[in-house]
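Asker: Below is one structure. I have some questions about it.
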Amino acid sequence: MIERYVHAVPRRPSGPGPGAGPGIAAAVWGILFAVPSFVWATGCTFGARTTVSPSLVELARDRVTWFVAVLWVTGFLKLFGALLGIGLTRRRGPGTSRLMVFCGGGAAVLLVWHGGLFVLDGVLVETGALSAAPGLADLTLWYLCLWGPWFVAGGLTFGAATARYVRHRDTPREVRLSGAAGALGALLLSLASTVTGIG
C-alpha cells in the first residue's frame, strides 16, 4: 500500500484576522465622519447650523471656493482614514506596514489631541474659567459633548488598531519605529499648532 502525503500550501487569510475590531471601528469612524464634509461641500448646511462655528457655516452656505475645496479634501482624507483602518486589520508587506503604522500612529495622536482641546476648552468655558468668544457661547456644549469626544474616539480607535498591528510577534522593528515616528511627529505638529495658534 502506497501512502500519499499531500502538503497544503499555506495561504494568507483573505479576510480580517482575529481581533480586527479596532481597525474596522476606525474605518467606520472615517466613513461616518466623511459624510458631513461632502454634504457641506455641496452647500447644504444641515447639521452644521447649530453645531459648528457660524463663520464656517456661512462659508459653506455661500460656497466660497477655497473653503469648498477644503471640505472636499478633508472628506477624502477621512475616507483615506477608513482605508487605513481596513488596512490595519491584517498583515501586509514591510513597506506597506511601515506606511500604515506611521499614518496610524500619527492619526491617533492628532485626533486625540484635537478632541482633547475641544473637551478642555468646553470644560473651562462651562465652569466659568474662560469666557467664550462672541457668537460661540451656544456652541460650547456641542464641542464639549459631541465634537471633542468624537475626535477622541477616532484617535483611540486608530491607536488601538495600530497597537494591535505592531503587537504581532513577527512585526519587524522598523515597522514599530515607524509608528513611534508618526506619533512623535504628530505630537510635535500639534504642539506647534497650539503654541502658534495656527490650525
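Naming works like this for the C-alpha cells: A, B, ... for the chains as they're shown, residue 1 at the start of each chain, ligands 1 onward in shown order.
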Listing only residues of range 66-157 of chain A within 12 Å of range 164-183 of chain A, what is the closest atom pair and its distance in Å (to one decimal) for each, using only C-alpha atoms, sorted by chain and residue number ascending, as a tab-separated table?
Answerer:
```
residue	atom	partner	partner_atom	distance
A:Leu84	CA	A:Tyr165	CA	11.8
A:Gly85	CA	A:Tyr165	CA	10.6
A:Ile86	CA	A:Tyr165	CA	11.5
A:Gly87	CA	A:Tyr165	CA	9.8
A:Leu88	CA	A:Tyr165	CA	6.3
A:Thr89	CA	A:Tyr165	CA	7.4
A:Arg90	CA	A:Tyr165	CA	7.7
A:Arg91	CA	A:Tyr165	CA	7.6
A:Arg92	CA	A:Tyr165	CA	9.8
A:Gly93	CA	A:Thr171	CA	10.2
A:Pro94	CA	A:Val175	CA	7.2
A:Gly95	CA	A:Val175	CA	8.4
A:Thr96	CA	A:Val175	CA	9.3
A:Ser97	CA	A:Val175	CA	6.3
A:Arg98	CA	A:Val175	CA	4.7
A:Leu99	CA	A:Ser178	CA	7.4
A:Met100	CA	A:Gly179	CA	8.3
A:Val101	CA	A:Gly179	CA	4.7
A:Phe102	CA	A:Gly179	CA	4.3
A:Cys103	CA	A:Gly182	CA	6.1
A:Gly104	CA	A:Gly179	CA	7.0
A:Gly105	CA	A:Ala183	CA	4.6
A:Gly106	CA	A:Ala183	CA	4.4
A:Ala107	CA	A:Ala183	CA	7.7
A:Ala108	CA	A:Ala183	CA	7.3
A:Val109	CA	A:Ala183	CA	5.8
A:Leu110	CA	A:Ala183	CA	8.2
A:Leu111	CA	A:Ala183	CA	10.9
A:Val112	CA	A:Ala183	CA	11.1
A:Trp113	CA	A:Ala183	CA	11.1
A:Gly155	CA	A:Ala183	CA	11.1
A:Leu156	CA	A:Arg164	CA	12.0
A:Thr157	CA	A:Arg164	CA	10.5
```
Asker: Selection from above, N, CA, C and O atoms, as a compact mmCIF listing (two decimals), in the first residue's frame, can you write it?
Answerer:
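Produced file part-v9.txt, reproduced below:
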```txt
# COMPACT_ATOMS: atom_id res chain seq x y z
N LEU A 84 -7.22 53.17 5.78
CA LEU A 84 -6.14 52.85 6.71
C LEU A 84 -6.62 51.88 7.78
O LEU A 84 -5.94 50.91 8.12
N GLY A 85 -7.83 52.16 8.31
CA GLY A 85 -8.38 51.27 9.32
C GLY A 85 -8.54 49.86 8.79
O GLY A 85 -8.19 48.88 9.46
N ILE A 86 -9.06 49.74 7.56
CA ILE A 86 -9.22 48.41 6.95
C ILE A 86 -7.85 47.76 6.74
O ILE A 86 -7.66 46.57 6.98
N GLY A 87 -6.87 48.56 6.31
CA GLY A 87 -5.53 48.04 6.07
C GLY A 87 -4.89 47.47 7.33
O GLY A 87 -4.10 46.53 7.27
N LEU A 88 -5.23 48.02 8.48
CA LEU A 88 -4.64 47.58 9.74
C LEU A 88 -5.29 46.32 10.31
O LEU A 88 -4.91 45.86 11.38
N THR A 89 -6.24 45.75 9.58
CA THR A 89 -6.92 44.55 10.10
C THR A 89 -6.19 43.25 9.75
O THR A 89 -6.55 42.20 10.28
N ARG A 90 -5.19 43.31 8.86
CA ARG A 90 -4.47 42.09 8.50
C ARG A 90 -3.03 42.41 8.13
O ARG A 90 -2.70 43.56 7.85
N ARG A 91 -2.18 41.41 8.12
CA ARG A 91 -0.76 41.61 7.89
C ARG A 91 -0.49 42.07 6.46
O ARG A 91 -1.15 41.63 5.51
N ARG A 92 0.49 42.95 6.29
CA ARG A 92 0.89 43.47 4.97
C ARG A 92 2.39 43.30 4.80
O ARG A 92 3.10 42.91 5.72
N GLY A 93 2.86 43.69 3.62
CA GLY A 93 4.30 43.65 3.37
C GLY A 93 5.02 44.71 4.18
O GLY A 93 4.39 45.65 4.69
N PRO A 94 6.35 44.61 4.30
CA PRO A 94 7.12 45.54 5.14
C PRO A 94 6.93 47.02 4.78
O PRO A 94 6.72 47.85 5.66
N GLY A 95 7.00 47.34 3.48
CA GLY A 95 6.86 48.73 3.08
C GLY A 95 5.48 49.29 3.38
O GLY A 95 5.33 50.38 3.93
N THR A 96 4.45 48.53 3.04
CA THR A 96 3.08 48.95 3.31
C THR A 96 2.83 49.04 4.81
O THR A 96 2.17 49.97 5.29
N SER A 97 3.38 48.09 5.55
CA SER A 97 3.21 48.09 7.01
C SER A 97 3.81 49.35 7.62
O SER A 97 3.20 49.97 8.50
N ARG A 98 5.00 49.73 7.18
CA ARG A 98 5.64 50.94 7.73
C ARG A 98 4.79 52.17 7.49
O ARG A 98 4.59 53.00 8.38
N LEU A 99 4.25 52.30 6.26
CA LEU A 99 3.42 53.46 5.93
C LEU A 99 2.13 53.47 6.76
O LEU A 99 1.75 54.51 7.31
N MET A 100 1.47 52.31 6.87
CA MET A 100 0.22 52.24 7.60
C MET A 100 0.41 52.54 9.08
O MET A 100 -0.37 53.27 9.70
N VAL A 101 1.46 51.96 9.66
CA VAL A 101 1.71 52.17 11.08
C VAL A 101 2.12 53.61 11.35
O VAL A 101 1.73 54.21 12.37
N PHE A 102 2.90 54.20 10.44
CA PHE A 102 3.26 55.62 10.57
C PHE A 102 2.01 56.49 10.58
O PHE A 102 1.83 57.35 11.44
N CYS A 103 1.14 56.26 9.60
CA CYS A 103 -0.10 57.05 9.50
C CYS A 103 -1.04 56.77 10.68
O CYS A 103 -1.68 57.69 11.20
N GLY A 104 -1.11 55.51 11.09
CA GLY A 104 -1.99 55.16 12.20
C GLY A 104 -1.56 55.81 13.50
O GLY A 104 -2.38 56.35 14.24
N GLY A 105 -0.24 55.80 13.77
CA GLY A 105 0.26 56.45 14.98
C GLY A 105 0.04 57.95 14.94
O GLY A 105 -0.34 58.56 15.94
N GLY A 106 0.28 58.54 13.77
CA GLY A 106 0.07 59.98 13.63
C GLY A 106 -1.38 60.38 13.78
O GLY A 106 -1.72 61.35 14.46
N ALA A 107 -2.28 59.61 13.15
CA ALA A 107 -3.72 59.90 13.24
C ALA A 107 -4.20 59.81 14.68
O ALA A 107 -4.99 60.64 15.14
N ALA A 108 -3.73 58.81 15.40
CA ALA A 108 -4.16 58.62 16.79
C ALA A 108 -3.83 59.85 17.63
O ALA A 108 -4.68 60.37 18.35
N VAL A 109 -2.59 60.33 17.52
CA VAL A 109 -2.17 61.48 18.33
C VAL A 109 -2.89 62.75 17.90
O VAL A 109 -3.39 63.52 18.74
N LEU A 110 -2.96 63.01 16.59
CA LEU A 110 -3.62 64.22 16.10
C LEU A 110 -5.08 64.30 16.54
O LEU A 110 -5.56 65.34 17.01
N LEU A 111 -5.79 63.19 16.42
CA LEU A 111 -7.22 63.19 16.74
C LEU A 111 -7.47 63.32 18.24
O LEU A 111 -8.35 64.07 18.67
N VAL A 112 -6.69 62.59 19.04
CA VAL A 112 -6.87 62.68 20.49
C VAL A 112 -6.51 64.08 20.98
O VAL A 112 -7.20 64.66 21.82
N TRP A 113 -5.44 64.64 20.44
CA TRP A 113 -5.03 65.99 20.84
C TRP A 113 -6.11 67.01 20.47
O TRP A 113 -6.52 67.82 21.30
N GLY A 155 -9.39 58.90 17.49
CA GLY A 155 -7.99 58.73 17.80
C GLY A 155 -7.71 57.44 18.55
O GLY A 155 -6.73 56.74 18.28
N LEU A 156 -8.60 57.11 19.49
CA LEU A 156 -8.42 55.89 20.26
C LEU A 156 -8.57 54.65 19.39
O LEU A 156 -7.86 53.65 19.59
N THR A 157 -9.50 54.70 18.43
CA THR A 157 -9.66 53.53 17.56
C THR A 157 -8.44 53.33 16.67
O THR A 157 -7.97 52.20 16.47
```
Asker: List the neighbours of Ala27 in chain A out to 8 Å using only C-alpha atoms; skip same-chain residues closer than 3 positions along the sequence, and give me the result as an NGL selection string.
Answerer: :A and (23-24 or 30-31 or 81-86)
Asker: Expressed in Å to a single decimal, how great is the separation between CA of Ala26 in chain A and CA of Ala160 in chain A?
Answerer: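 Rounded to one decimal, the two atoms are 9.1 Å apart.
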Asker: Please provide the set of residues having any atom within 8 Å of range 51-53 of chain A, restricted to only C-alpha atoms, with same-chain residues fewer than 6 positions apart removed, written as a PDB file with N, CA and C atoms, in the first residue's frame.
Answerer:
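Everything below was put into selection_2.pdb:
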```
ATOM      1  N   LEU A 136     -20.134  82.316  19.966  1.00  0.00           N
ATOM      2  CA  LEU A 136     -19.818  80.900  20.090  1.00  0.00           C
ATOM      3  C   LEU A 136     -20.295  80.278  21.402  1.00  0.00           C
ATOM      4  N   LEU A 139     -22.359  77.207  21.217  1.00  0.00           N
ATOM      5  CA  LEU A 139     -21.718  76.038  20.602  1.00  0.00           C
ATOM      6  C   LEU A 139     -20.820  75.272  21.566  1.00  0.00           C
ATOM      7  N   TRP A 142     -21.752  71.725  22.325  1.00  0.00           N
ATOM      8  CA  TRP A 142     -21.608  70.837  21.179  1.00  0.00           C
ATOM      9  C   TRP A 142     -20.155  70.366  21.035  1.00  0.00           C
ATOM     10  N   TYR A 143     -19.212  71.299  21.226  1.00  0.00           N
ATOM     11  CA  TYR A 143     -17.804  70.933  21.117  1.00  0.00           C
ATOM     12  C   TYR A 143     -17.364  70.081  22.309  1.00  0.00           C
TER      13      TYR A 143
END
```
Asker: Would you mind reading off the distance between CA of Leu32 in chain A and CA of Leu187 in chain A, one decimal, in Å?
Answerer: 24.9 Å
Asker: Could you please write out, as a ChimeraX atom specification, every residue of chain A that DSSP assigns to helix (DSSP H, G or I)?
Answerer: /A:21-41,54-61,65-87,94-126,137-166,173-196
Asker: In Å, rounded to a single decimal, give me how far CA of Gly185 in chain A is from CA of Val70 in chain A.
Answerer: 22.6 Å
Asker: Please provide the set of residues having any atom within 12 Å of Phe118 in chain A, restricted to only C-alpha atoms, with same-chain residues fewer than 6 positions apart removed, written as a VMD selection string.
Answerer: chain A and resid 111 to 112 124 to 125 139 to 152
Asker: Selection from above, all heavy atoms, as a short mmCIF file (atom, residue, chain, number, x, y, z; two decimals), in the first residue's frame, can you write it?
Answerer:
```
data_model
loop_
_atom_site.label_atom_id
_atom_site.label_comp_id
_atom_site.auth_asym_id
_atom_site.auth_seq_id
_atom_site.Cartn_x
_atom_site.Cartn_y
_atom_site.Cartn_z
N LEU A 111 -5.79 63.19 16.42
CA LEU A 111 -7.22 63.19 16.74
C LEU A 111 -7.47 63.32 18.24
O LEU A 111 -8.35 64.07 18.67
CB LEU A 111 -7.87 61.92 16.20
CG LEU A 111 -7.96 61.83 14.67
CD1 LEU A 111 -8.39 60.43 14.24
CD2 LEU A 111 -8.92 62.87 14.12
N VAL A 112 -6.69 62.59 19.04
CA VAL A 112 -6.87 62.68 20.49
C VAL A 112 -6.51 64.08 20.98
O VAL A 112 -7.20 64.66 21.82
CB VAL A 112 -6.03 61.62 21.22
CG1 VAL A 112 -6.02 61.88 22.73
CG2 VAL A 112 -6.58 60.23 20.94
N LEU A 124 -13.56 74.38 30.55
CA LEU A 124 -13.15 75.66 31.10
C LEU A 124 -14.22 76.74 30.91
O LEU A 124 -14.46 77.56 31.80
CB LEU A 124 -11.82 76.11 30.47
CG LEU A 124 -10.60 75.25 30.82
CD1 LEU A 124 -9.37 75.74 30.05
CD2 LEU A 124 -10.33 75.29 32.32
N VAL A 125 -14.86 76.72 29.75
CA VAL A 125 -15.92 77.70 29.49
C VAL A 125 -17.13 77.42 30.36
O VAL A 125 -17.72 78.33 30.97
CB VAL A 125 -16.31 77.70 28.00
CG1 VAL A 125 -17.57 78.54 27.77
CG2 VAL A 125 -15.17 78.24 27.14
N LEU A 139 -22.36 77.21 21.22
CA LEU A 139 -21.72 76.04 20.60
C LEU A 139 -20.82 75.27 21.57
O LEU A 139 -20.38 74.17 21.25
CB LEU A 139 -20.88 76.48 19.39
CG LEU A 139 -21.65 77.12 18.24
CD1 LEU A 139 -20.67 77.63 17.19
CD2 LEU A 139 -22.62 76.14 17.63
N THR A 140 -20.56 75.86 22.73
CA THR A 140 -19.61 75.25 23.66
C THR A 140 -19.97 73.82 24.01
O THR A 140 -19.12 72.92 23.99
CB THR A 140 -19.52 76.08 24.95
OG1 THR A 140 -19.12 77.41 24.63
CG2 THR A 140 -18.50 75.49 25.90
N LEU A 141 -21.24 73.58 24.33
CA LEU A 141 -21.66 72.24 24.71
C LEU A 141 -21.53 71.25 23.56
O LEU A 141 -21.25 70.07 23.79
CB LEU A 141 -23.09 72.26 25.24
CG LEU A 141 -23.25 72.71 26.69
CD1 LEU A 141 -24.73 72.78 27.07
CD2 LEU A 141 -22.52 71.76 27.64
N TRP A 142 -21.75 71.72 22.32
CA TRP A 142 -21.61 70.84 21.18
C TRP A 142 -20.15 70.37 21.03
O TRP A 142 -19.88 69.20 20.76
CB TRP A 142 -22.05 71.53 19.89
CG TRP A 142 -23.54 71.64 19.76
CD1 TRP A 142 -24.30 72.76 19.86
CD2 TRP A 142 -24.45 70.56 19.49
NE1 TRP A 142 -25.63 72.46 19.69
CE2 TRP A 142 -25.76 71.12 19.45
CE3 TRP A 142 -24.30 69.19 19.27
CZ2 TRP A 142 -26.88 70.35 19.20
CZ3 TRP A 142 -25.43 68.42 19.03
CH2 TRP A 142 -26.70 69.00 19.00
N TYR A 143 -19.21 71.30 21.23
CA TYR A 143 -17.80 70.93 21.12
C TYR A 143 -17.36 70.08 22.31
O TYR A 143 -16.53 69.20 22.16
CB TYR A 143 -16.94 72.19 21.00
CG TYR A 143 -16.93 72.76 19.61
CD1 TYR A 143 -17.90 73.67 19.19
CD2 TYR A 143 -15.97 72.37 18.68
CE1 TYR A 143 -17.91 74.17 17.90
CE2 TYR A 143 -15.97 72.87 17.39
CZ TYR A 143 -16.95 73.76 17.00
OH TYR A 143 -16.97 74.26 15.71
N LEU A 144 -17.97 70.35 23.47
CA LEU A 144 -17.63 69.59 24.67
C LEU A 144 -18.21 68.17 24.62
O LEU A 144 -17.52 67.20 24.97
CB LEU A 144 -18.16 70.32 25.91
CG LEU A 144 -18.08 69.56 27.24
CD1 LEU A 144 -16.64 69.22 27.60
CD2 LEU A 144 -18.72 70.39 28.35
N CYS A 145 -19.45 68.06 24.18
CA CYS A 145 -20.15 66.77 24.27
C CYS A 145 -20.22 65.99 22.95
O CYS A 145 -20.50 64.78 22.97
CB CYS A 145 -21.57 66.99 24.78
SG CYS A 145 -21.63 67.75 26.41
N LEU A 146 -19.99 66.66 21.82
CA LEU A 146 -20.08 65.96 20.53
C LEU A 146 -18.73 65.90 19.82
O LEU A 146 -18.14 64.84 19.66
CB LEU A 146 -21.13 66.62 19.63
CG LEU A 146 -21.20 66.08 18.21
CD1 LEU A 146 -21.62 64.61 18.20
CD2 LEU A 146 -22.16 66.91 17.35
N TRP A 147 -18.26 67.07 19.36
CA TRP A 147 -17.07 67.07 18.52
C TRP A 147 -15.82 66.61 19.25
O TRP A 147 -15.02 65.83 18.71
CB TRP A 147 -16.85 68.46 17.90
CG TRP A 147 -17.95 68.87 16.98
CD1 TRP A 147 -18.77 69.95 17.12
CD2 TRP A 147 -18.38 68.19 15.79
NE1 TRP A 147 -19.68 69.99 16.08
CE2 TRP A 147 -19.46 68.93 15.25
CE3 TRP A 147 -17.96 67.04 15.12
CZ2 TRP A 147 -20.13 68.55 14.08
CZ3 TRP A 147 -18.61 66.66 13.97
CH2 TRP A 147 -19.68 67.41 13.46
N GLY A 148 -15.63 67.09 20.49
CA GLY A 148 -14.46 66.67 21.25
C GLY A 148 -14.41 65.16 21.45
O GLY A 148 -13.43 64.51 21.06
N PRO A 149 -15.46 64.57 22.05
CA PRO A 149 -15.46 63.12 22.23
C PRO A 149 -15.37 62.35 20.91
O PRO A 149 -14.79 61.27 20.86
CB PRO A 149 -16.80 62.87 22.94
CG PRO A 149 -17.08 64.13 23.66
CD PRO A 149 -16.57 65.22 22.76
N TRP A 150 -15.96 62.90 19.84
CA TRP A 150 -15.92 62.22 18.55
C TRP A 150 -14.49 62.11 18.03
O TRP A 150 -14.05 61.05 17.56
CB TRP A 150 -16.80 62.96 17.55
CG TRP A 150 -16.78 62.36 16.18
CD1 TRP A 150 -16.11 62.82 15.09
CD2 TRP A 150 -17.45 61.16 15.74
NE1 TRP A 150 -16.31 62.00 14.00
CE2 TRP A 150 -17.13 60.98 14.38
CE3 TRP A 150 -18.28 60.24 16.38
CZ2 TRP A 150 -17.61 59.90 13.64
CZ3 TRP A 150 -18.76 59.17 15.65
CH2 TRP A 150 -18.43 59.00 14.30
N PHE A 151 -13.73 63.21 18.13
CA PHE A 151 -12.32 63.18 17.71
C PHE A 151 -11.51 62.23 18.59
O PHE A 151 -10.69 61.46 18.08
CB PHE A 151 -11.72 64.59 17.77
CG PHE A 151 -11.98 65.43 16.55
CD1 PHE A 151 -13.06 66.30 16.51
CD2 PHE A 151 -11.15 65.35 15.44
CE1 PHE A 151 -13.31 67.07 15.39
CE2 PHE A 151 -11.38 66.13 14.31
CZ PHE A 151 -12.47 66.99 14.29
N VAL A 152 -11.74 62.30 19.90
CA VAL A 152 -11.00 61.43 20.82
C VAL A 152 -11.31 59.96 20.51
O VAL A 152 -10.40 59.12 20.49
CB VAL A 152 -11.35 61.76 22.28
CG1 VAL A 152 -10.76 60.70 23.22
CG2 VAL A 152 -10.82 63.14 22.65
#
```
Asker: Would you kindly return, as a PyMOL selection string, each protein, DNA or RNA residue with an atom no farther than 6 Å from any atom of Arg63 in chain A, considering only C-alpha atoms and excluding same-chain residues fewer than 3 positions away?
Answerer: chain A and resi 43+59-60
Asker: Restricting the calculation to only C-alpha atoms, which member of A:Leu56, A:Ala41, A:Val35, A:Ala153 is positioned closest to Gly116 in chain A?
Answerer: A:Ala153
Asker: From the options A:Phe76, A:Trp40, A:Thr127, A:Leu189, which residue's atoms come nearest to Val64 in chain A, counting only C-alpha atoms?
Answerer: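 Result for the nearest residue to Val64 in chain A: A:Trp40.
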Asker: Just want the 8 Å neighbourhood of Trp29 in chain A, counted on only C-alpha atoms, with same-chain residues fewer than 4 positions away dropped. Output as a list in words.
Answerer: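 The residues satisfying every condition are Ala25, Phe33, Ala82 and Gly154 of chain A.
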Asker: Output all heavy atoms for every residue in that selection, as a PDB file, in the first residue's frame.
Answerer:
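And here is the file that came out, selection_39.pdb:
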```
ATOM      1  N   ALA A  25     -13.538  49.477  13.377  1.00  0.00           N
ATOM      2  CA  ALA A  25     -14.139  50.641  14.034  1.00  0.00           C
ATOM      3  C   ALA A  25     -13.558  51.940  13.483  1.00  0.00           C
ATOM      4  O   ALA A  25     -14.284  52.914  13.261  1.00  0.00           O
ATOM      5  CB  ALA A  25     -13.917  50.552  15.543  1.00  0.00           C
ATOM      6  N   PHE A  33     -17.518  60.122   9.413  1.00  0.00           N
ATOM      7  CA  PHE A  33     -17.021  61.488   9.544  1.00  0.00           C
ATOM      8  C   PHE A  33     -16.862  62.166   8.187  1.00  0.00           C
ATOM      9  O   PHE A  33     -16.885  63.393   8.087  1.00  0.00           O
ATOM     10  CB  PHE A  33     -15.691  61.484  10.288  1.00  0.00           C
ATOM     11  CG  PHE A  33     -15.351  62.798  10.935  1.00  0.00           C
ATOM     12  CD1 PHE A  33     -16.321  63.725  11.266  1.00  0.00           C
ATOM     13  CD2 PHE A  33     -14.030  63.100  11.233  1.00  0.00           C
ATOM     14  CE1 PHE A  33     -16.003  64.932  11.870  1.00  0.00           C
ATOM     15  CE2 PHE A  33     -13.694  64.301  11.835  1.00  0.00           C
ATOM     16  CZ  PHE A  33     -14.684  65.217  12.155  1.00  0.00           C
ATOM     17  N   ALA A  82     -10.431  55.722   6.580  1.00  0.00           N
ATOM     18  CA  ALA A  82     -11.219  54.484   6.577  1.00  0.00           C
ATOM     19  C   ALA A  82     -10.440  53.355   5.924  1.00  0.00           C
ATOM     20  O   ALA A  82     -10.417  52.220   6.419  1.00  0.00           O
ATOM     21  CB  ALA A  82     -12.545  54.712   5.839  1.00  0.00           C
ATOM     22  N   GLY A 154     -12.200  58.651  17.680  1.00  0.00           N
ATOM     23  CA  GLY A 154     -11.493  58.284  16.449  1.00  0.00           C
ATOM     24  C   GLY A 154     -10.020  58.033  16.709  1.00  0.00           C
ATOM     25  O   GLY A 154      -9.443  57.059  16.217  1.00  0.00           O
TER      26      GLY A 154
END
```
